[in-house]
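A.B. asks: Sharing a structure, written as structure tokens. Questions coming.
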Amino acid sequence: MVFQIDFEALRQVAAGAEPRILDGKRIAHALLDQVKGGVDALAERGVEPCLGVVQVGADAASTVYVQHKIRACKRVGIRSFHRLLPDSIEPRDLYALLDELNQDPQVNGVLLQLPLPDAIASHDAILRIEPRKDVDGFHPFNLGCLAAGRAELEPCTPRGIMRMLAALGVDCRGKNAVVIGRSVIVGRPMAQMLVRANATVTVCHRHTADLAAEVRRADIVVVAAGVPRLVKGDWIKPGAVVIDVGITRESSGRLVGDVEFDAAFERAAWITPVPGGVGPMTVATLLENTIRATCLHHRLRIVEGRAIDKDGLSGPENLRLTFV
């Protein structure tokens with residue numbers, strides 16, 4: 001690993017939170033403090049991390065998410081810029097911009113804000129991003145490294161969730177974990193990370209025969225289905241840890257998750273609120289990935305607050321792919 005996290009510091013922060021509410025904001029702030037330490041260590045070597053954010057179309061939700069990321073970069077000292085493109089842009093023009101950012105030695109991380117307009121295939125666009133600059137961790141090369149247990153750049157939301165579990169001191173070994181949703185962004189990498197942590201993992205989806213039965217036996221539940229209140233409170237096993245990734249704005253303007261929060265709160269040992277749970281951790285982990293990408297680019301690793309040369313690197317930092 002080119003940049004290691006101090007999990008004990010995260011645990012100390014989590015211990016001071018409101019009981020049973022898994023406050024992602026508190027843990028994210030502690031993680032960002034460590035990212036700031038990484039920025040400072042790189043600065044001593046004359047290296048300034050830089051994140052390029054590309055957004056296609058002015059979708060309101062995407063714009064808000066991008067603003068959160070840019071503000072977080074400013075807080076920790078990561079240079080960032082935002083390229084807003086019209087939703088009418090031709091795929092080839094988007095690809096040309098991504099190629100330009102890939103080749104720019106001053107840009108360490110490239111983030112393509114999703115979703116994209118229907119005319120542009122997300123998979124094709126993600127393939128244009130150089131793997132070592134893919135701070136979202138969505139490139140097939142990075143997903144393959146995750147499956148092989150060798151990833152530096154992992155998908156941000158699942159990695160952030162694993163950071164939250166570590167902050168709680170949750171030992172996943174032997175635990176029954178249920179992941180609801182199988183997207184490449186959250187569900188599938190989440191399952192792989194839990195397996196790596198030695199949990200027994202079940203992935204559920206729209207064709208799962210008895211979702212309630214699967215949830216009732218789970219010690220850890222991660223819900224990323226995008227269906228408001230899909231998981232009922234009385235499904236939750238007493239003492240379970242519940243991670244709600246979903247977020248939907250109702251007609252009243254209220255934001256709700258994929259879990260019936262109030263009823264689930266009565267049974268869970270820990271549960272994430274919506275908002276304020278997973279979202280802040282996703283942003284913090286994105287910036288952690290930006291530090292990792294910067295280290296890979298400059299062949300450095302950060303040890304005890306110092307950036308030192310790293311020999312014998314293997315993985316995406318040595319990979320060059322060309323797509324036509």
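Residue names in the structure tokens use chain letters A, B, ... in the order shown, residue numbers from 1 in each chain, and ligand numbers from 1 in the order shown.
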Do a neighbour search on region 294-306 of chain A at 6 Å with only C-alpha atoms, toss out local chain neighbours closer than 6 positions, and write the hits as a PyMOL selection string.
C.D. replies: chain A and resi 2-3+41+49+108+317
A.B. asks: Restricted to N, CA and C atoms, what would the selected residues look like written as a PDB file, in the first residue's frame?
C.D. replies:
```
ATOM      1  N   VAL A   2       0.524   2.215  -0.844  1.00  0.00           N
ATOM      2  CA  VAL A   2       1.314   3.437  -0.916  1.00  0.00           C
ATOM      3  C   VAL A   2       0.885   4.477   0.118  1.00  0.00           C
ATOM      4  N   PHE A   3      -0.292   4.294   0.716  1.00  0.00           N
ATOM      5  CA  PHE A   3      -0.793   5.253   1.707  1.00  0.00           C
ATOM      6  C   PHE A   3      -1.680   4.492   2.680  1.00  0.00           C
ATOM      7  N   ALA A  41       2.749  15.675   3.364  1.00  0.00           N
ATOM      8  CA  ALA A  41       3.942  14.855   3.131  1.00  0.00           C
ATOM      9  C   ALA A  41       4.404  14.963   1.679  1.00  0.00           C
ATOM     10  N   PRO A  49      -0.893  17.174  -5.305  1.00  0.00           N
ATOM     11  CA  PRO A  49      -1.942  16.337  -5.889  1.00  0.00           C
ATOM     12  C   PRO A  49      -2.960  17.188  -6.640  1.00  0.00           C
ATOM     13  N   ASN A 108      -3.271  14.086 -11.466  1.00  0.00           N
ATOM     14  CA  ASN A 108      -3.037  12.770 -10.864  1.00  0.00           C
ATOM     15  C   ASN A 108      -4.277  11.892 -10.831  1.00  0.00           C
ATOM     16  N   GLU A 317       0.311   1.503 -11.990  1.00  0.00           N
ATOM     17  CA  GLU A 317       1.260   2.572 -12.267  1.00  0.00           C
ATOM     18  C   GLU A 317       2.203   2.229 -13.418  1.00  0.00           C
TER      19      GLU A 317
END
```
A.B. asks: Show me, as a list in words, the residues that have an atom within 10 Å of Gln34 (chain A) when counting only C-alpha atoms, minus same-chain residues fewer than 3 positions from it.
C.D. replies: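 Final neighbour list, sorted by chain and number: Phe3, Gln4, Ile5, Asp6, Ala9, Leu10, Ala28, His29, Ala30, Leu31, Gly37, Gly38, Val39, Asp40, Val76, Ala284, Glu288 and Gly305 of chain A.
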A.B. asks: When you count only C-alpha atoms, which of these residues is closest to Glu214 (chain A): A:Ile236, A:Met1, A:Met164, A:Ala197?
C.D. replies: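 Ranking A:Ile236, A:Met1, A:Met164, A:Ala197 by distance to Glu214 (chain A), first place goes to A:Ile236.
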A.B. asks: So that I can check the surroundings of region 132-135 of chain A, please list as an mmCIF file with N, CA and C atoms, in the first residue's frame every protein, DNA and RNA residue that reaches within 10 Å of it, counting only C-alpha atoms and ignoring chain neighbours fewer than 2 positions away.
C.D. replies:
```
data_model
loop_
_atom_site.group_PDB
_atom_site.id
_atom_site.type_symbol
_atom_site.label_atom_id
_atom_site.label_comp_id
_atom_site.auth_asym_id
_atom_site.auth_seq_id
_atom_site.Cartn_x
_atom_site.Cartn_y
_atom_site.Cartn_z
ATOM 1 N N LEU A 51 -6.759 16.813 -8.832
ATOM 2 C CA LEU A 51 -7.917 16.025 -9.258
ATOM 3 C C LEU A 51 -8.687 16.788 -10.322
ATOM 4 N N GLY A 52 -8.923 16.150 -11.463
ATOM 5 C CA GLY A 52 -9.749 16.721 -12.512
ATOM 6 C C GLY A 52 -11.120 16.074 -12.514
ATOM 7 N N LEU A 101 -6.490 14.587 -20.334
ATOM 8 C CA LEU A 101 -6.222 14.527 -18.896
ATOM 9 C C LEU A 101 -5.312 13.351 -18.552
ATOM 10 N N ASN A 102 -5.493 12.238 -19.264
ATOM 11 C CA ASN A 102 -4.607 11.088 -19.052
ATOM 12 C C ASN A 102 -3.149 11.459 -19.295
ATOM 13 N N VAL A 107 -1.950 16.272 -13.728
ATOM 14 C CA VAL A 107 -3.226 15.726 -13.243
ATOM 15 C C VAL A 107 -2.985 14.311 -12.740
ATOM 16 N N ASN A 108 -3.271 14.086 -11.466
ATOM 17 C CA ASN A 108 -3.037 12.770 -10.864
ATOM 18 C C ASN A 108 -4.277 11.892 -10.831
ATOM 19 N N GLY A 109 -5.447 12.512 -10.729
ATOM 20 C CA GLY A 109 -6.690 11.754 -10.668
ATOM 21 C C GLY A 109 -7.721 12.330 -11.609
ATOM 22 N N VAL A 110 -8.494 11.445 -12.239
ATOM 23 C CA VAL A 110 -9.568 11.859 -13.144
ATOM 24 C C VAL A 110 -10.861 11.229 -12.656
ATOM 25 N N LEU A 111 -11.858 12.068 -12.430
ATOM 26 C CA LEU A 111 -13.167 11.595 -11.989
ATOM 27 C C LEU A 111 -14.201 11.979 -13.034
ATOM 28 N N LEU A 112 -14.894 11.010 -13.570
ATOM 29 C CA LEU A 112 -15.991 11.244 -14.509
ATOM 30 C C LEU A 112 -17.291 11.093 -13.739
ATOM 31 N N ILE A 126 -15.552 5.125 -19.188
ATOM 32 C CA ILE A 126 -14.657 4.738 -18.093
ATOM 33 C C ILE A 126 -13.403 4.061 -18.634
ATOM 34 N N LEU A 127 -13.561 3.295 -19.714
ATOM 35 C CA LEU A 127 -12.408 2.638 -20.328
ATOM 36 C C LEU A 127 -11.373 3.638 -20.828
ATOM 37 N N ARG A 128 -11.789 4.877 -21.117
ATOM 38 C CA ARG A 128 -10.850 5.873 -21.626
ATOM 39 C C ARG A 128 -9.954 6.437 -20.524
ATOM 40 N N ILE A 129 -10.315 6.245 -19.276
ATOM 41 C CA ILE A 129 -9.524 6.792 -18.175
ATOM 42 C C ILE A 129 -8.350 5.862 -17.883
ATOM 43 N N GLU A 130 -7.162 6.428 -17.791
ATOM 44 C CA GLU A 130 -5.993 5.621 -17.469
ATOM 45 C C GLU A 130 -6.186 4.998 -16.085
ATOM 46 N N GLY A 137 -12.167 4.137 -9.176
ATOM 47 C CA GLY A 137 -11.931 2.699 -9.078
ATOM 48 C C GLY A 137 -12.842 1.853 -9.935
ATOM 49 N N PHE A 138 -13.391 2.442 -11.015
ATOM 50 C CA PHE A 138 -14.376 1.734 -11.840
ATOM 51 C C PHE A 138 -13.778 1.081 -13.080
ATOM 52 N N HIS A 139 -12.541 1.420 -13.429
ATOM 53 C CA HIS A 139 -11.945 0.828 -14.627
ATOM 54 C C HIS A 139 -11.831 -0.687 -14.443
ATOM 55 N N PHE A 141 -9.597 -2.704 -15.145
ATOM 56 C CA PHE A 141 -8.297 -3.114 -14.608
ATOM 57 C C PHE A 141 -8.296 -3.030 -13.088
ATOM 58 N N ASN A 142 -8.808 -1.924 -12.543
ATOM 59 C CA ASN A 142 -8.825 -1.758 -11.091
ATOM 60 C C ASN A 142 -9.801 -2.720 -10.428
ATOM 61 N N GLU A 152 -4.929 -0.789 -5.478
ATOM 62 C CA GLU A 152 -4.665 0.455 -4.758
ATOM 63 C C GLU A 152 -5.864 1.391 -4.874
ATOM 64 N N LEU A 153 -6.506 1.399 -6.047
ATOM 65 C CA LEU A 153 -7.637 2.288 -6.299
ATOM 66 C C LEU A 153 -8.911 1.457 -6.350
ATOM 67 N N GLU A 154 -9.654 1.464 -5.249
ATOM 68 C CA GLU A 154 -10.884 0.685 -5.133
ATOM 69 C C GLU A 154 -12.085 1.618 -5.207
ATOM 70 N N PRO A 155 -13.266 1.104 -5.624
ATOM 71 C CA PRO A 155 -14.466 1.939 -5.652
ATOM 72 C C PRO A 155 -14.702 2.627 -4.310
ATOM 73 N N CYS A 156 -15.030 3.909 -4.373
ATOM 74 C CA CYS A 156 -15.008 4.752 -3.177
ATOM 75 C C CYS A 156 -16.074 4.400 -2.147
ATOM 76 N N THR A 285 -13.118 9.076 0.822
ATOM 77 C CA THR A 285 -12.347 7.994 0.216
ATOM 78 C C THR A 285 -11.892 8.367 -1.187
ATOM 79 N N LEU A 286 -12.690 9.163 -1.892
ATOM 80 C CA LEU A 286 -12.256 9.676 -3.194
ATOM 81 C C LEU A 286 -10.953 10.459 -3.059
ATOM 82 N N LEU A 287 -10.872 11.297 -2.038
ATOM 83 C CA LEU A 287 -9.654 12.080 -1.836
ATOM 84 C C LEU A 287 -8.498 11.195 -1.373
ATOM 85 N N GLU A 288 -8.809 10.173 -0.579
ATOM 86 C CA GLU A 288 -7.779 9.188 -0.223
ATOM 87 C C GLU A 288 -7.232 8.532 -1.489
ATOM 88 N N ASN A 289 -8.136 8.170 -2.402
ATOM 89 C CA ASN A 289 -7.693 7.576 -3.667
ATOM 90 C C ASN A 289 -6.847 8.553 -4.485
ATOM 91 N N THR A 290 -7.163 9.834 -4.397
ATOM 92 C CA THR A 290 -6.376 10.828 -5.125
ATOM 93 C C THR A 290 -4.941 10.873 -4.600
ATOM 94 N N ILE A 291 -4.779 10.754 -3.290
ATOM 95 C CA ILE A 291 -3.428 10.676 -2.719
ATOM 96 C C ILE A 291 -2.733 9.407 -3.201
ATOM 97 N N ARG A 292 -3.464 8.300 -3.227
ATOM 98 C CA ARG A 292 -2.877 7.046 -3.712
ATOM 99 C C ARG A 292 -2.434 7.185 -5.172
ATOM 100 N N ALA A 293 -3.302 7.772 -5.995
ATOM 101 C CA ALA A 293 -2.968 7.942 -7.411
ATOM 102 C C ALA A 293 -1.741 8.836 -7.582
ATOM 103 N N THR A 294 -1.638 9.861 -6.749
ATOM 104 C CA THR A 294 -0.479 10.749 -6.807
ATOM 105 C C THR A 294 0.795 9.993 -6.441
ATOM 106 N N CYS A 295 0.714 9.172 -5.408
ATOM 107 C CA CYS A 295 1.873 8.363 -5.007
ATOM 108 C C CYS A 295 2.277 7.403 -6.125
ATOM 109 N N LEU A 296 1.296 6.779 -6.768
ATOM 110 C CA LEU A 296 1.604 5.860 -7.861
ATOM 111 C C LEU A 296 2.293 6.593 -9.009
ATOM 112 N N HIS A 297 1.787 7.778 -9.318
ATOM 113 C CA HIS A 297 2.342 8.550 -10.438
ATOM 114 C C HIS A 297 3.801 8.934 -10.184
ATOM 115 N N GLY A 315 1.608 -3.046 -10.766
ATOM 116 C CA GLY A 315 0.187 -2.732 -10.832
ATOM 117 C C GLY A 315 -0.092 -1.635 -11.826
ATOM 118 N N PRO A 316 -1.158 -0.838 -11.601
ATOM 119 C CA PRO A 316 -1.618 0.101 -12.615
ATOM 120 C C PRO A 316 -0.627 1.210 -12.918
ATOM 121 N N GLU A 317 0.311 1.503 -11.990
ATOM 122 C CA GLU A 317 1.260 2.572 -12.267
ATOM 123 C C GLU A 317 2.203 2.229 -13.418
ATOM 124 N N ASN A 318 2.326 0.940 -13.743
ATOM 125 C CA ASN A 318 3.200 0.527 -14.837
ATOM 126 C C ASN A 318 2.412 0.173 -16.098
ATOM 127 N N LEU A 319 1.111 0.401 -16.059
ATOM 128 C CA LEU A 319 0.266 -0.032 -17.168
ATOM 129 C C LEU A 319 0.019 1.115 -18.135
ATOM 130 N N ARG A 320 0.106 0.833 -19.405
ATOM 131 C CA ARG A 320 -0.252 1.812 -20.433
ATOM 132 C C ARG A 320 -1.211 1.129 -21.394
#
```
A.B. asks: Taking only residues of region 94-199 of chain A that have an atom at most 10 Å from an atom of region 16-22 of chain A, what is each one's shortest atom pair and its distance in Å to one decimal, using only C-alpha atoms, in chain and number order, as CSV?
C.D. replies:
```
residue,atom,partner,partner_atom,distance
A:Met164,CA,A:Leu22,CA,7.9
A:Leu165,CA,A:Leu22,CA,9.3
A:Ala167,CA,A:Leu22,CA,9.7
A:Leu168,CA,A:Leu22,CA,8.4
```
A.B. asks: List the neighbours of Lys36 (chain A) out to 9 Å using only C-alpha atoms; skip same-chain residues closer than 6 positions along the sequence, and give me the result as a list in words.
C.D. replies: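 Contacts, with the query itself left out: Arg75, Val76, Gly77 and Ile78 of chain A.
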A.B. asks: A:Arg267, A:Ala119, A:Gln67, A:Asp104: which is nearest Ile89 (chain A), counting only C-alpha atoms?
C.D. replies: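 Ranked by minimum distance to Ile89 (chain A), first place goes to A:Ala119.
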A.B. asks: With distances taken over only C-alpha atoms, which of A:Val203, A:Val178, A:Val245, A:Met193 is nearest to Arg216 (chain A)?
C.D. replies: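 The shortest atom-to-atom distance to Arg216 (chain A) comes from A:Val178.
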A.B. asks: Tell me which of A:Gly174, A:Gly160, A:Pro86, A:Gly144 sits closest to Gly277 (chain A), counting only C-alpha atoms.
C.D. replies: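 Smallest separation from Gly277 (chain A) among the options: A:Gly160.
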A.B. asks: DSSP on the backbone: what in region 195-229 of chain A comes out strand (DSSP E or B), as a list in words?
C.D. replies: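 Secondary structure check on region 195-229 of chain A, strand (DSSP E or B): Thr200, Val201, Thr202, Val203, Cys204, Ile220, Val221, Val222 and Val223 of chain A.
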A.B. asks: Calculate how many Å separate CA of Ala218 (chain A) from CA of His205 (chain A), rounding to one decimal.
C.D. replies: 15.2 Å
